[in-house]
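Each remark here refers to the structure printed beneath this line.
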Number of protein chains: 2
Amino acid sequence: MTSLKTATGAEDVRGSILTASIDLMNEGGLAALSMREVARRAGVSHQAPYHYFADREAILAELVRDGFEKLTGYLEDSLRHVRGYDESIGAMGEAYVAFALDHSAQFRLMFRSEMVDSTRHPETHAAGERTFDLCVKIVTGAERHDDCKDFTPVIAAWSTAHGLATLFLEGKLTHSVGDTRAERLKAARAVFQHYMPRPKR
Amino acid sequence: MTSLKTATGAEDVRGSILTASIDLMNEGGLAALSMREVARRAGVSHQAPYHYFADREAILAELVRDGFEKLTGYLEDSLRHVRGYDESIGAMGEAYVAFALDHSAQFRLMFRSEMVDSTRHPETHAAGERTFDLCVKIVTGAERHDDCKDFTPVIAAWSTAHGLATLFLEGKLTHSVGDTRAERLKAARAVFQHYMPRPKR
DNA sequence: CATTTGCCTTGACAGTGTCAAGTAACAATG
DNA sequence: CATTGTTACTTGACACTGTCAAGGCAAATG
């Protein structure tokens, strides 16, 4: 179920490296995520991670992949008790923001292409594609993004959700909203209710 | 006119430190922006910057301030040859994205609160406030953000523009848009034309 | 003339990511 | 059984980073 395999035996060290990475990220943000501190946490030497990962970026790519899978989970869950287009879009926007608030460091990492170039990490890239496909499906009804003709409504919805999430995390909306999770999700819902992207017919 | 004072004489070193910082940022992104490389570029010792700035963050804060002033300039210019609410919103969105594309590293820096905590740098914070006030004015007509009752339309417009800019920069819209400046600005305009935030009356 | 101040330099320290080499355990092969 | 190779690490070193500490040196000030 969990997306980061923490198998026993041979994969033990690899698993503890990844869990240590996530813990560090959650505790002290991206700045706290150093290879050597990860190794210390995992109880191995500072070079052990390089046996499983080519470099720092490879570890980060794994965290990004995990992040996209979590995000997809958030989006899918939000659609479970929802009917109709308007409710779906609203739920999706709220779920996107909720994920960003709940996993802020990981969310930031997912959208820092200078740190992780997804095209160089196929599985990470694929996880991102799956999330994107889900968004396309919710907004336009197309099953895959290849079947979608006009991306404008998808871009509009995604941009709004992403901008909202980012501005919350970076503390740029403190005038207008307040900083509790509940207030922020309420504001997100309000935005999506008023400015619902809708595919042109 | 330029917002980074590069005065002569005593302020010479301070000025060259800042211009070196901007150059490095534009050439190699935020990763290339190290204190020591900046000092090397400015032709001074690695500790000289500390005479003018408390720490690395203080230099970055200055770059953020400069960025917000540039952004305000972009927004103001875009309003110059525009009439009516719809055109203003569209122009603002396009200008916001244009700024992000033209000064990508600086734009990223402006929205990395972990790197620069604006509240600890009054002038930087004030510059950000001025940009925000301009957005509020365009969207709601209120002169300052204190006079604004419902921020929802402002948040919606800003989030959309910011999300769009961010997703472009991080290469997440390559399926849908293409990577030239012209294509991206066209897409931005399309989004804003279709999903125009409009204050509720 | 003596002292302070402004402006900058050199030196050092702990931390980083990563290349290079070494080591101990174990499997495969002659 | 002896040898070889592979796996899973460890230890050591290097260049680089931001920043603290101390010093130098010219101009201004008393």
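Residues in the structure tokens are named by chain (A, B, ... in the order shown) and by number from 1 within that chain; ligands are numbered from 1 in the order shown.
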
Residues of chain B within 10 Å of chain D, counting only C-alpha atoms (C1' of nucleotides), as a list in words
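Those within range of chain D come out as Ser34, Met35, Arg36, Gln47, Tyr50, Asp55 and Arg56 of chain B.
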
Store the residues picked out above in a file with C-alpha atoms, as an mmCIF file, in the first residue's frame.
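Done, and the output landed in selection10.cif:
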data_model
loop_
_atom_site.group_PDB
_atom_site.id
_atom_site.type_symbol
_atom_site.label_atom_id
_atom_site.label_comp_id
_atom_site.auth_asym_id
_atom_site.auth_seq_id
_atom_site.Cartn_x
_atom_site.Cartn_y
_atom_site.Cartn_z
ATOM 1 C CA SER B 34 26.847 31.450 -3.616
ATOM 2 C CA MET B 35 28.321 34.150 -1.435
ATOM 3 C CA ARG B 36 31.872 33.259 -2.344
ATOM 4 C CA GLN B 47 34.131 38.311 3.513
ATOM 5 C CA TYR B 50 29.451 40.791 5.170
ATOM 6 C CA ASP B 55 24.270 37.348 6.039
ATOM 7 C CA ARG B 56 23.400 35.561 2.860
#

Determine which residues of chain B sit within 6 Å of chain A, taking into account only C-alpha atoms, and present them as an MDAnalysis selection string.
chainID B and resid 113 156 159:160 162:164 170 191

Residues as selected, C-alpha atoms, written as a PDB file, in the first residue's frame, can you do that?
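As written to disk, result-v7.pdb reads:
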ATOM      1  CA  SER B 113      10.078  31.905   2.150  1.00  0.00           C
ATOM      2  CA  ALA B 156      -8.405  33.734  -7.433  1.00  0.00           C
ATOM      3  CA  SER B 159      -3.393  32.192  -7.641  1.00  0.00           C
ATOM      4  CA  THR B 160      -4.167  31.559 -11.284  1.00  0.00           C
ATOM      5  CA  HIS B 162       1.066  32.522  -9.966  1.00  0.00           C
ATOM      6  CA  GLY B 163       0.236  28.887 -10.592  1.00  0.00           C
ATOM      7  CA  LEU B 164       0.513  29.385 -14.314  1.00  0.00           C
ATOM      8  CA  GLU B 170       9.007  24.075 -13.605  1.00  0.00           C
ATOM      9  CA  VAL B 191      -6.807  31.104 -19.432  1.00  0.00           C
TER      10      VAL B 191
END

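Interface residues on chain C toward chain A (cut-off 10 Å, only C-alpha atoms (C1' of nucleotides)): C:DG15, C:DT16, C:DG17, C:DT18.
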
From the set A:Arg130, A:Gly67, A:Glu57, A:Lys137, which residue has the shortest atom-to-atom contact distance to Ile89 of chain A, counting only C-alpha atoms?
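Of all the options, A:Lys137 lies closest to Ile89 of chain A.
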
d(atom CA of Asp102 of chain A, atom CA of Arg65 of chain B) in Å
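Atom CA of Asp102 of chain A sits 29.5 Å away from atom CA of Arg65 of chain B.
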
Name the residues of segment 32-115 of chain A that fall into alpha helix (DSSP H) according to DSSP on the backbone, using the chain letters and numbers of this document, as number ranges by chain.
A: 35-42, 49-52, 56-79, 85-102, 104-110
